[in-house]
file data-v5.cif (mmCIF, N, CA and C atoms)
data_data
#
loop_
_atom_site.label_atom_id
_atom_site.label_comp_id
_atom_site.auth_asym_id
_atom_site.auth_seq_id
_atom_site.Cartn_x
_atom_site.Cartn_y
_atom_site.Cartn_z
N MET R 1 144.31 145.60 70.69
CA MET R 1 144.17 144.85 69.46
C MET R 1 142.98 145.38 68.68
N LYS R 2 143.09 145.30 67.38
CA LYS R 2 142.01 145.75 66.52
C LYS R 2 140.80 144.84 66.70
N LYS R 3 139.62 145.40 66.46
CA LYS R 3 138.39 144.64 66.67
C LYS R 3 138.33 143.40 65.79
N LYS R 4 138.84 143.50 64.58
CA LYS R 4 138.75 142.35 63.68
C LYS R 4 139.64 141.18 64.13
N LEU R 5 140.57 141.43 65.07
CA LEU R 5 141.46 140.39 65.57
C LEU R 5 140.98 139.76 66.89
N ARG R 6 139.76 140.14 67.34
CA ARG R 6 139.28 139.65 68.62
C ARG R 6 138.06 138.74 68.47
N ILE R 7 137.96 137.79 69.37
CA ILE R 7 136.76 136.97 69.48
C ILE R 7 136.10 137.38 70.79
N LYS R 8 134.86 137.83 70.74
CA LYS R 8 134.18 138.31 71.94
C LYS R 8 132.88 137.56 72.22
N LYS R 9 132.20 137.11 71.17
CA LYS R 9 130.87 136.52 71.35
C LYS R 9 130.96 135.07 71.85
N ASN R 10 130.04 134.74 72.74
CA ASN R 10 130.01 133.40 73.32
C ASN R 10 129.83 132.33 72.24
N ASP R 11 128.99 132.60 71.24
CA ASP R 11 128.76 131.63 70.17
C ASP R 11 130.06 131.30 69.44
N GLU R 12 130.88 132.33 69.20
CA GLU R 12 132.16 132.11 68.51
C GLU R 12 133.12 131.32 69.38
N PHE R 13 133.15 131.61 70.69
CA PHE R 13 133.97 130.84 71.62
C PHE R 13 133.54 129.37 71.60
N GLN R 14 132.24 129.13 71.69
CA GLN R 14 131.73 127.76 71.75
C GLN R 14 132.04 126.99 70.47
N LEU R 15 131.97 127.65 69.32
CA LEU R 15 132.29 127.01 68.05
C LEU R 15 133.75 126.53 68.03
N VAL R 16 134.65 127.38 68.51
CA VAL R 16 136.07 127.02 68.56
C VAL R 16 136.29 125.87 69.55
N PHE R 17 135.63 125.92 70.70
CA PHE R 17 135.76 124.84 71.69
C PHE R 17 135.27 123.51 71.13
N GLN R 18 134.14 123.53 70.42
CA GLN R 18 133.53 122.29 69.93
C GLN R 18 134.23 121.72 68.71
N LYS R 19 134.61 122.58 67.77
CA LYS R 19 135.15 122.08 66.50
C LYS R 19 136.66 122.23 66.35
N GLY R 20 137.28 122.97 67.27
CA GLY R 20 138.71 123.20 67.18
C GLY R 20 139.52 122.11 67.86
N LYS R 21 140.84 122.20 67.66
CA LYS R 21 141.76 121.27 68.31
C LYS R 21 142.46 122.00 69.45
N SER R 22 142.81 121.24 70.49
CA SER R 22 143.45 121.88 71.64
C SER R 22 144.90 121.43 71.77
N PHE R 23 145.71 122.34 72.27
CA PHE R 23 147.13 122.10 72.54
C PHE R 23 147.43 122.79 73.86
N ALA R 24 148.35 122.20 74.64
CA ALA R 24 148.58 122.75 75.97
C ALA R 24 150.02 122.58 76.42
N ASN R 25 150.44 123.47 77.30
CA ASN R 25 151.63 123.28 78.11
C ASN R 25 151.21 123.61 79.54
N ARG R 26 152.14 123.78 80.44
CA ARG R 26 151.76 124.00 81.85
C ARG R 26 151.06 125.34 82.08
N GLN R 27 151.34 126.32 81.24
CA GLN R 27 150.81 127.66 81.47
C GLN R 27 149.57 127.99 80.66
N PHE R 28 149.41 127.40 79.47
CA PHE R 28 148.32 127.78 78.58
C PHE R 28 147.67 126.57 77.92
N VAL R 29 146.40 126.71 77.61
CA VAL R 29 145.69 125.80 76.71
C VAL R 29 145.24 126.66 75.54
N ILE R 30 145.48 126.18 74.33
CA ILE R 30 145.06 126.92 73.13
C ILE R 30 144.16 126.02 72.31
N TYR R 31 143.00 126.56 71.94
CA TYR R 31 142.10 125.90 71.01
C TYR R 31 142.24 126.62 69.67
N ILE R 32 142.36 125.85 68.59
CA ILE R 32 142.55 126.43 67.27
C ILE R 32 141.52 125.86 66.31
N LEU R 33 140.85 126.75 65.60
CA LEU R 33 139.89 126.36 64.57
C LEU R 33 140.32 127.00 63.26
N ASP R 34 140.53 126.17 62.24
CA ASP R 34 140.92 126.70 60.92
C ASP R 34 139.72 127.37 60.26
N LYS R 35 139.97 128.54 59.69
CA LYS R 35 138.97 129.28 58.93
C LYS R 35 139.66 129.82 57.68
N PRO R 36 139.78 128.99 56.64
CA PRO R 36 140.54 129.39 55.45
C PRO R 36 140.01 130.64 54.75
N GLU R 37 138.72 130.95 54.93
CA GLU R 37 138.14 132.13 54.26
C GLU R 37 138.57 133.44 54.92
N GLN R 38 139.13 133.36 56.12
CA GLN R 38 139.57 134.53 56.86
C GLN R 38 140.97 134.95 56.42
N ASP R 39 141.19 136.25 56.24
CA ASP R 39 142.51 136.73 55.81
C ASP R 39 143.35 137.25 56.97
N HIS R 40 142.98 136.85 58.20
CA HIS R 40 143.71 137.23 59.41
C HIS R 40 143.42 136.18 60.47
N PHE R 41 144.10 136.27 61.59
CA PHE R 41 143.78 135.39 62.72
C PHE R 41 143.02 136.21 63.75
N ARG R 42 142.27 135.52 64.60
CA ARG R 42 141.56 136.19 65.69
C ARG R 42 141.87 135.45 66.98
N ILE R 43 141.92 136.20 68.09
CA ILE R 43 142.17 135.56 69.38
C ILE R 43 141.08 135.92 70.38
N GLY R 44 140.81 134.96 71.24
CA GLY R 44 139.92 135.16 72.37
C GLY R 44 140.67 134.76 73.62
N LEU R 45 140.48 135.48 74.70
CA LEU R 45 141.22 135.23 75.93
C LEU R 45 140.27 134.79 77.05
N SER R 46 140.75 133.84 77.84
CA SER R 46 140.01 133.40 79.01
C SER R 46 140.98 133.27 80.18
N VAL R 47 140.76 134.09 81.20
CA VAL R 47 141.59 134.05 82.40
C VAL R 47 140.64 133.93 83.59
N SER R 48 140.68 132.79 84.25
CA SER R 48 139.76 132.45 85.32
C SER R 48 140.00 133.28 86.58
N LYS R 49 138.96 133.39 87.39
CA LYS R 49 139.08 134.07 88.69
C LYS R 49 139.98 133.30 89.65
N LYS R 50 140.20 132.01 89.38
CA LYS R 50 141.08 131.20 90.21
C LYS R 50 142.52 131.69 90.14
N ILE R 51 142.86 132.39 89.08
CA ILE R 51 144.24 132.84 88.87
C ILE R 51 144.59 134.03 89.75
N GLY R 52 143.64 134.88 90.03
CA GLY R 52 143.93 136.03 90.87
C GLY R 52 142.82 137.06 90.81
N ASN R 53 143.08 138.22 91.40
CA ASN R 53 142.08 139.28 91.39
C ASN R 53 142.03 139.95 90.02
N ALA R 54 141.16 140.92 89.86
CA ALA R 54 140.94 141.57 88.57
C ALA R 54 142.22 142.21 88.04
N VAL R 55 143.01 142.80 88.91
CA VAL R 55 144.25 143.45 88.49
C VAL R 55 145.20 142.42 87.87
N MET R 56 145.34 141.28 88.53
CA MET R 56 146.23 140.22 88.03
C MET R 56 145.71 139.66 86.70
N ARG R 57 144.41 139.42 86.61
CA ARG R 57 143.83 138.86 85.38
C ARG R 57 144.01 139.82 84.22
N ASN R 58 143.78 141.10 84.47
CA ASN R 58 143.95 142.09 83.39
C ASN R 58 145.40 142.21 82.97
N GLN R 59 146.32 142.12 83.92
CA GLN R 59 147.74 142.17 83.58
C GLN R 59 148.12 140.99 82.69
N ILE R 60 147.63 139.81 83.02
CA ILE R 60 147.92 138.62 82.21
C ILE R 60 147.36 138.80 80.79
N LYS R 61 146.15 139.34 80.69
CA LYS R 61 145.56 139.57 79.36
C LYS R 61 146.37 140.59 78.56
N ARG R 62 146.85 141.62 79.24
CA ARG R 62 147.71 142.61 78.55
C ARG R 62 148.98 141.96 78.04
N TYR R 63 149.61 141.10 78.86
CA TYR R 63 150.82 140.39 78.45
C TYR R 63 150.55 139.54 77.21
N ILE R 64 149.44 138.81 77.22
CA ILE R 64 149.11 137.93 76.08
C ILE R 64 148.87 138.76 74.82
N ARG R 65 148.10 139.84 74.95
CA ARG R 65 147.84 140.70 73.78
C ARG R 65 149.14 141.29 73.22
N GLN R 66 150.02 141.76 74.12
CA GLN R 66 151.28 142.33 73.67
C GLN R 66 152.14 141.28 72.98
N ALA R 67 152.16 140.07 73.51
CA ALA R 67 152.93 138.99 72.88
C ALA R 67 152.40 138.73 71.48
N PHE R 68 151.08 138.72 71.31
CA PHE R 68 150.52 138.49 69.98
C PHE R 68 150.78 139.66 69.04
N LEU R 69 150.81 140.87 69.57
CA LEU R 69 151.18 142.02 68.72
C LEU R 69 152.60 141.86 68.19
N GLU R 70 153.50 141.38 69.05
CA GLU R 70 154.88 141.19 68.63
C GLU R 70 155.04 139.99 67.71
N LEU R 71 154.16 138.99 67.84
CA LEU R 71 154.23 137.78 67.02
C LEU R 71 153.30 137.84 65.81
N MET R 72 152.65 138.96 65.59
CA MET R 72 151.62 139.07 64.56
C MET R 72 152.07 138.56 63.19
N ASP R 73 153.29 138.88 62.79
CA ASP R 73 153.78 138.46 61.48
C ASP R 73 154.13 136.97 61.44
N ASP R 74 154.28 136.34 62.60
CA ASP R 74 154.69 134.94 62.67
C ASP R 74 153.51 133.97 62.76
N VAL R 75 152.34 134.45 63.22
CA VAL R 75 151.19 133.57 63.40
C VAL R 75 150.50 133.36 62.06
N LYS R 76 150.17 132.10 61.77
CA LYS R 76 149.49 131.77 60.52
C LYS R 76 148.11 132.41 60.49
N ILE R 77 147.71 132.88 59.31
CA ILE R 77 146.40 133.52 59.15
C ILE R 77 145.32 132.47 58.91
N GLY R 78 144.07 132.91 58.97
CA GLY R 78 142.96 132.02 58.71
C GLY R 78 142.64 131.08 59.85
N ARG R 79 142.82 131.54 61.07
CA ARG R 79 142.56 130.71 62.24
C ARG R 79 141.95 131.54 63.36
N ASP R 80 141.11 130.88 64.14
CA ASP R 80 140.62 131.45 65.39
C ASP R 80 141.33 130.74 66.52
N LEU R 81 141.85 131.51 67.48
CA LEU R 81 142.57 130.94 68.61
C LEU R 81 141.92 131.40 69.91
N ILE R 82 141.68 130.45 70.80
CA ILE R 82 141.23 130.76 72.16
C ILE R 82 142.37 130.41 73.08
N ILE R 83 142.83 131.37 73.87
CA ILE R 83 143.93 131.15 74.81
C ILE R 83 143.35 131.13 76.22
N ILE R 84 143.59 130.03 76.92
CA ILE R 84 143.14 129.90 78.31
C ILE R 84 144.39 129.86 79.19
N ALA R 85 144.46 130.79 80.12
CA ALA R 85 145.61 130.86 81.03
C ALA R 85 145.38 129.93 82.22
N ARG R 86 146.46 129.27 82.63
CA ARG R 86 146.43 128.41 83.82
C ARG R 86 147.13 129.11 84.99
N LYS R 87 147.01 128.55 86.18
CA LYS R 87 147.52 129.19 87.40
C LYS R 87 148.98 129.63 87.37
N PRO R 88 149.93 128.83 86.83
CA PRO R 88 151.33 129.25 86.87
C PRO R 88 151.62 130.59 86.19
N VAL R 89 150.72 131.05 85.33
CA VAL R 89 150.93 132.32 84.62
C VAL R 89 150.96 133.48 85.60
N ALA R 90 150.30 133.35 86.73
CA ALA R 90 150.22 134.45 87.70
C ALA R 90 151.59 134.87 88.22
N GLU R 91 152.57 133.96 88.20
CA GLU R 91 153.89 134.30 88.72
C GLU R 91 154.91 134.61 87.63
N MET R 92 154.44 134.79 86.39
CA MET R 92 155.37 134.99 85.27
C MET R 92 155.42 136.46 84.86
N ASP R 93 156.59 136.86 84.33
CA ASP R 93 156.69 138.20 83.76
C ASP R 93 156.39 138.11 82.26
N PHE R 94 156.42 139.26 81.58
CA PHE R 94 156.05 139.30 80.17
C PHE R 94 156.89 138.37 79.31
N PHE R 95 158.19 138.34 79.52
CA PHE R 95 159.07 137.54 78.67
C PHE R 95 158.80 136.05 78.84
N GLN R 96 158.48 135.63 80.05
CA GLN R 96 158.14 134.23 80.28
C GLN R 96 156.81 133.87 79.63
N VAL R 97 155.84 134.79 79.71
CA VAL R 97 154.54 134.57 79.08
C VAL R 97 154.72 134.43 77.57
N LYS R 98 155.49 135.33 76.99
CA LYS R 98 155.71 135.28 75.54
C LYS R 98 156.41 133.98 75.14
N ASN R 99 157.40 133.58 75.89
CA ASN R 99 158.13 132.35 75.60
C ASN R 99 157.21 131.14 75.69
N SER R 100 156.35 131.11 76.69
CA SER R 100 155.41 130.00 76.86
C SER R 100 154.39 129.98 75.72
N LEU R 101 153.93 131.15 75.30
CA LEU R 101 152.99 131.21 74.17
C LEU R 101 153.66 130.72 72.89
N ILE R 102 154.90 131.10 72.66
CA ILE R 102 155.63 130.63 71.49
C ILE R 102 155.73 129.10 71.54
N HIS R 103 156.03 128.56 72.72
CA HIS R 103 156.15 127.11 72.87
C HIS R 103 154.85 126.40 72.49
N VAL R 104 153.73 126.86 73.03
CA VAL R 104 152.46 126.18 72.75
C VAL R 104 152.01 126.42 71.31
N LEU R 105 152.34 127.56 70.73
CA LEU R 105 152.02 127.81 69.32
C LEU R 105 152.84 126.92 68.40
N LYS R 106 154.08 126.64 68.79
CA LYS R 106 154.91 125.70 68.02
C LYS R 106 154.32 124.29 68.10
N LEU R 107 153.84 123.89 69.28
CA LEU R 107 153.19 122.58 69.42
C LEU R 107 151.98 122.47 68.50
N ALA R 108 151.26 123.58 68.37
CA ALA R 108 150.05 123.60 67.55
C ALA R 108 150.35 123.83 66.07
N LYS R 109 151.62 124.05 65.74
CA LYS R 109 152.04 124.38 64.37
C LYS R 109 151.26 125.59 63.84
N ALA R 110 151.12 126.60 64.70
CA ALA R 110 150.38 127.80 64.36
C ALA R 110 151.29 128.96 63.96
N LEU R 111 152.61 128.71 63.95
CA LEU R 111 153.56 129.74 63.54
C LEU R 111 154.03 129.47 62.13
N ARG R 112 154.24 130.54 61.38
CA ARG R 112 154.70 130.39 59.99
C ARG R 112 156.09 129.79 59.92
N TYR R 113 156.94 130.21 60.80
CA TYR R 113 158.31 129.68 60.91
C TYR R 113 158.71 129.80 62.36
N ASN R 114 159.85 129.31 62.71
CA ASN R 114 160.27 129.31 64.11
C ASN R 114 160.55 130.71 64.61
N ALA R 115 159.65 131.24 65.39
CA ALA R 115 159.84 132.55 66.00
C ALA R 115 160.88 132.41 67.10
N LYS R 116 161.77 133.34 67.17
CA LYS R 116 162.83 133.28 68.17
C LYS R 116 162.45 134.15 69.35
N PHE R 117 162.68 133.61 70.53
CA PHE R 117 162.43 134.38 71.75
C PHE R 117 163.73 135.09 72.14
N GLN R 118 163.62 136.38 72.32
CA GLN R 118 164.75 137.18 72.75
C GLN R 118 164.40 137.90 74.05
N ASN R 119 165.09 137.56 75.11
CA ASN R 119 164.90 138.25 76.37
C ASN R 119 166.01 139.29 76.48
N PRO R 120 165.67 140.58 76.38
CA PRO R 120 166.70 141.62 76.43
C PRO R 120 167.48 141.65 77.74
N ARG R 121 166.91 141.08 78.81
CA ARG R 121 167.61 141.08 80.10
C ARG R 121 168.71 140.04 80.16
N GLN R 122 168.70 139.07 79.25
CA GLN R 122 169.67 137.98 79.33
C GLN R 122 170.85 138.16 78.36
N LYS R 123 171.27 139.36 78.11
CA LYS R 123 172.41 139.57 77.20
C LYS R 123 173.71 139.70 77.92
#
call {"tool": "encode", "arguments": {"input": "data-v5.cif", "output": "structure tokens"}}
result
Amino acid sequence: MKKKLRIKKNDEFQLVFQKGKSFANRQFVIYILDKPEQDHFRIGLSVSKKIGNAVMRNQIKRYIRQAFLELMDDVKIGRDLIIIARKPVAEMDFFQVKNSLIHVLKLAKALRYNAKFQNPRQK
């Protein structure tokens, strides 16, 4: 992901946690903070050591980043999003992760319109 689309600093994470709203499903918690002056969205990722070893955590982060790359045109701009992965994510493949992210983004009304999930394996 491009640098302008990432949240890395602790101060920025804390601002979203304190002033943002949270939405959750079984796999993810998302905190969203509106920033109307921003002409793009930014994401920050948090994957706990409780979920697995470094290889597993990095794989989950790659899945989340790839899902957001594919959903880039569907996510509303002017927002900071913090995505926190929960334990069930460790047993999911990419398509399940993307579907779960779409679900929680719909709950948060963070999508411009209803993004459709297409699993190429289920045709």
call {"tool": "select_by_dssp", "arguments": {"input": "data-v5.cif", "residues": "stretch 1-93 of chain R", "states": "helix (DSSP H, G or I)", "output": "JSON, numbers by chain"}}
result
{"R": [3, 4, 5, 10, 11, 12, 13, 14, 15, 16, 17, 18, 19, 54, 55, 56, 57, 58, 59, 60, 61, 62, 63, 64, 65, 66, 67, 68, 69, 70, 71, 87, 88, 89, 90, 91]}
call {"tool": "resolve_selection", "arguments": {"input": "data-v5.cif", "expression": "the PyMOL selection byres ((chain R and resi 29-34) around 6)", "output": "ChimeraX atom specification"}}
result
/R:16,19-25,27-28,35-36,78-86
call {"tool": "write_last_selection", "arguments": {"input": "data-v5.cif", "atoms": "N, CA and C atoms", "output": "mmCIF file, keeping the file's coordinate frame"}}
result
data_model
loop_
_atom_site.group_PDB
_atom_site.id
_atom_site.type_symbol
_atom_site.label_atom_id
_atom_site.label_comp_id
_atom_site.auth_asym_id
_atom_site.auth_seq_id
_atom_site.Cartn_x
_atom_site.Cartn_y
_atom_site.Cartn_z
ATOM 1 N N VAL R 16 134.650 127.380 68.510
ATOM 2 C CA VAL R 16 136.070 127.020 68.560
ATOM 3 C C VAL R 16 136.290 125.870 69.550
ATOM 4 N N LYS R 19 134.610 122.580 67.770
ATOM 5 C CA LYS R 19 135.150 122.080 66.500
ATOM 6 C C LYS R 19 136.660 122.230 66.350
ATOM 7 N N GLY R 20 137.280 122.970 67.270
ATOM 8 C CA GLY R 20 138.710 123.200 67.180
ATOM 9 C C GLY R 20 139.520 122.110 67.860
ATOM 10 N N LYS R 21 140.840 122.200 67.660
ATOM 11 C CA LYS R 21 141.760 121.270 68.310
ATOM 12 C C LYS R 21 142.460 122.000 69.450
ATOM 13 N N SER R 22 142.810 121.240 70.490
ATOM 14 C CA SER R 22 143.450 121.880 71.640
ATOM 15 C C SER R 22 144.900 121.430 71.770
ATOM 16 N N PHE R 23 145.710 122.340 72.270
ATOM 17 C CA PHE R 23 147.130 122.100 72.540
ATOM 18 C C PHE R 23 147.430 122.790 73.860
ATOM 19 N N ALA R 24 148.350 122.200 74.640
ATOM 20 C CA ALA R 24 148.580 122.750 75.970
ATOM 21 C C ALA R 24 150.020 122.580 76.420
ATOM 22 N N ASN R 25 150.440 123.470 77.300
ATOM 23 C CA ASN R 25 151.630 123.280 78.110
ATOM 24 C C ASN R 25 151.210 123.610 79.540
ATOM 25 N N GLN R 27 151.340 126.320 81.240
ATOM 26 C CA GLN R 27 150.810 127.660 81.470
ATOM 27 C C GLN R 27 149.570 127.990 80.660
ATOM 28 N N PHE R 28 149.410 127.400 79.470
ATOM 29 C CA PHE R 28 148.320 127.780 78.580
ATOM 30 C C PHE R 28 147.670 126.570 77.920
ATOM 31 N N LYS R 35 139.970 128.540 59.690
ATOM 32 C CA LYS R 35 138.970 129.280 58.930
ATOM 33 C C LYS R 35 139.660 129.820 57.680
ATOM 34 N N PRO R 36 139.780 128.990 56.640
ATOM 35 C CA PRO R 36 140.540 129.390 55.450
ATOM 36 C C PRO R 36 140.010 130.640 54.750
ATOM 37 N N GLY R 78 144.070 132.910 58.970
ATOM 38 C CA GLY R 78 142.960 132.020 58.710
ATOM 39 C C GLY R 78 142.640 131.080 59.850
ATOM 40 N N ARG R 79 142.820 131.540 61.070
ATOM 41 C CA ARG R 79 142.560 130.710 62.240
ATOM 42 C C ARG R 79 141.950 131.540 63.360
ATOM 43 N N ASP R 80 141.110 130.880 64.140
ATOM 44 C CA ASP R 80 140.620 131.450 65.390
ATOM 45 C C ASP R 80 141.330 130.740 66.520
ATOM 46 N N LEU R 81 141.850 131.510 67.480
ATOM 47 C CA LEU R 81 142.570 130.940 68.610
ATOM 48 C C LEU R 81 141.920 131.400 69.910
ATOM 49 N N ILE R 82 141.680 130.450 70.800
ATOM 50 C CA ILE R 82 141.230 130.760 72.160
ATOM 51 C C ILE R 82 142.370 130.410 73.080
ATOM 52 N N ILE R 83 142.830 131.370 73.870
ATOM 53 C CA ILE R 83 143.930 131.150 74.810
ATOM 54 C C ILE R 83 143.350 131.130 76.220
ATOM 55 N N ILE R 84 143.590 130.030 76.920
ATOM 56 C CA ILE R 84 143.140 129.900 78.310
ATOM 57 C C ILE R 84 144.390 129.860 79.190
ATOM 58 N N ALA R 85 144.460 130.790 80.120
ATOM 59 C CA ALA R 85 145.610 130.860 81.030
ATOM 60 C C ALA R 85 145.380 129.930 82.220
ATOM 61 N N ARG R 86 146.460 129.270 82.630
ATOM 62 C CA ARG R 86 146.430 128.410 83.820
ATOM 63 C C ARG R 86 147.130 129.110 84.990
#
call {"tool": "residues_around", "arguments": {"input": "data-v5.cif", "residues": "stretch 3-9 of chain R", "least_positions_apart": "6", "cutoff": "7 Å", "atoms": "only C-alpha atoms", "output": "VMD selection string"}}
result
chain R and resid 41 to 44
call {"tool": "closest_residue", "arguments": {"input": "data-v5.cif", "among": "R:Glu37, R:Lys98, R:Lys76, R:Val47", "to": "R:Tyr63", "atoms": "only C-alpha atoms"}}
result
R:Lys98
call {"tool": "closest_residue", "arguments": {"input": "data-v5.cif", "among": "R:Tyr113, R:Glu12, R:Leu45, R:Gly52", "to": "R:Phe68", "atoms": "only C-alpha atoms"}}
result
R:Leu45
call {"tool": "atom_distance", "arguments": {"input": "data-v5.cif", "atom1": "atom N of R:Met56", "atom2": "atom C of R:Phe94"}}
result
15.1 Å
call {"tool": "closest_residue", "arguments": {"input": "data-v5.cif", "among": "R:Ile51, R:Leu107, R:Ile64, R:Met72", "to": "R:Phe95", "atoms": "only C-alpha atoms"}}
result
R:Ile64
call {"tool": "closest_residue", "arguments": {"input": "data-v5.cif", "among": "R:Arg26, R:Lys50, R:His103, R:His40", "to": "R:Ile77", "atoms": "all atoms listed in the file"}}
result
R:His40
call {"tool": "atom_distance", "arguments": {"input": "data-v5.cif", "atom1": "atom CA of R:Lys2", "atom2": "atom CA of R:Arg65"}}
result
10.6 Å
call {"tool": "select_by_dssp", "arguments": {"input": "data-v5.cif", "residues": "chain R", "states": "strand (DSSP E or B)", "output": "ChimeraX atom specification"}}
result
/R:6,21-24,28-34,42-47,75,79-85,111
call {"tool": "atom_distance", "arguments": {"input": "data-v5.cif", "atom1": "atom CA of R:Val97", "atom2": "atom N of R:Gln59"}}
result
12.2 Å
call {"tool": "closest_residue", "arguments": {"input": "data-v5.cif", "among": "R:Met92, R:Leu105, R:Ala110, R:Val75", "to": "R:Ile60", "atoms": "only C-alpha atoms"}}
result
R:Met92
call {"tool": "decode", "arguments": {"input": "data-v5.cif", "residues": "stretch 59-82 of chain R", "atoms": "N, CA and C atoms", "output": "short mmCIF file (atom, residue, chain, number, x, y, z; two decimals), in the first residue's frame"}}
result
data_model
loop_
_atom_site.label_atom_id
_atom_site.label_comp_id
_atom_site.auth_asym_id
_atom_site.auth_seq_id
_atom_site.Cartn_x
_atom_site.Cartn_y
_atom_site.Cartn_z
N GLN R 59 0.83 -12.94 7.26
CA GLN R 59 -0.08 -13.43 6.22
C GLN R 59 -1.44 -12.77 6.35
N ILE R 60 -1.95 -12.65 7.56
CA ILE R 60 -3.24 -12.00 7.79
C ILE R 60 -3.18 -10.54 7.34
N LYS R 61 -2.09 -9.86 7.66
CA LYS R 61 -1.94 -8.45 7.25
C LYS R 61 -1.89 -8.33 5.73
N ARG R 62 -1.21 -9.27 5.08
CA ARG R 62 -1.18 -9.25 3.60
C ARG R 62 -2.57 -9.45 3.03
N TYR R 63 -3.35 -10.38 3.60
CA TYR R 63 -4.72 -10.61 3.15
C TYR R 63 -5.56 -9.34 3.28
N ILE R 64 -5.44 -8.67 4.42
CA ILE R 64 -6.22 -7.45 4.66
C ILE R 64 -5.82 -6.36 3.67
N ARG R 65 -4.52 -6.16 3.49
CA ARG R 65 -4.06 -5.14 2.53
C ARG R 65 -4.54 -5.43 1.12
N GLN R 66 -4.46 -6.70 0.70
CA GLN R 66 -4.91 -7.07 -0.63
C GLN R 66 -6.41 -6.85 -0.78
N ALA R 67 -7.18 -7.18 0.24
CA ALA R 67 -8.62 -6.95 0.20
C ALA R 67 -8.91 -5.46 0.03
N PHE R 68 -8.18 -4.61 0.74
CA PHE R 68 -8.40 -3.17 0.60
C PHE R 68 -7.94 -2.65 -0.76
N LEU R 69 -6.90 -3.24 -1.32
CA LEU R 69 -6.51 -2.85 -2.68
C LEU R 69 -7.63 -3.16 -3.67
N GLU R 70 -8.27 -4.30 -3.50
CA GLU R 70 -9.36 -4.68 -4.39
C GLU R 70 -10.62 -3.86 -4.14
N LEU R 71 -10.81 -3.39 -2.90
CA LEU R 71 -11.99 -2.61 -2.54
C LEU R 71 -11.74 -1.10 -2.58
N MET R 72 -10.58 -0.69 -3.03
CA MET R 72 -10.17 0.71 -2.97
C MET R 72 -11.22 1.67 -3.55
N ASP R 73 -11.82 1.31 -4.66
CA ASP R 73 -12.81 2.18 -5.30
C ASP R 73 -14.14 2.19 -4.56
N ASP R 74 -14.37 1.21 -3.69
CA ASP R 74 -15.65 1.08 -2.99
C ASP R 74 -15.65 1.74 -1.61
N VAL R 75 -14.46 1.93 -1.01
CA VAL R 75 -14.38 2.49 0.34
C VAL R 75 -14.51 4.01 0.25
N LYS R 76 -15.35 4.57 1.14
CA LYS R 76 -15.55 6.01 1.17
C LYS R 76 -14.25 6.71 1.57
N ILE R 77 -14.01 7.86 0.95
CA ILE R 77 -12.79 8.63 1.23
C ILE R 77 -13.00 9.53 2.45
N GLY R 78 -11.92 10.11 2.94
CA GLY R 78 -12.00 11.02 4.06
C GLY R 78 -12.19 10.33 5.40
N ARG R 79 -11.59 9.17 5.56
CA ARG R 79 -11.73 8.42 6.81
C ARG R 79 -10.42 7.72 7.15
N ASP R 80 -10.19 7.60 8.45
CA ASP R 80 -9.11 6.76 8.95
C ASP R 80 -9.74 5.50 9.52
N LEU R 81 -9.20 4.34 9.16
CA LEU R 81 -9.73 3.06 9.63
C LEU R 81 -8.63 2.28 10.32
N ILE R 82 -8.94 1.76 11.51
CA ILE R 82 -8.04 0.84 12.20
C ILE R 82 -8.73 -0.51 12.18
#
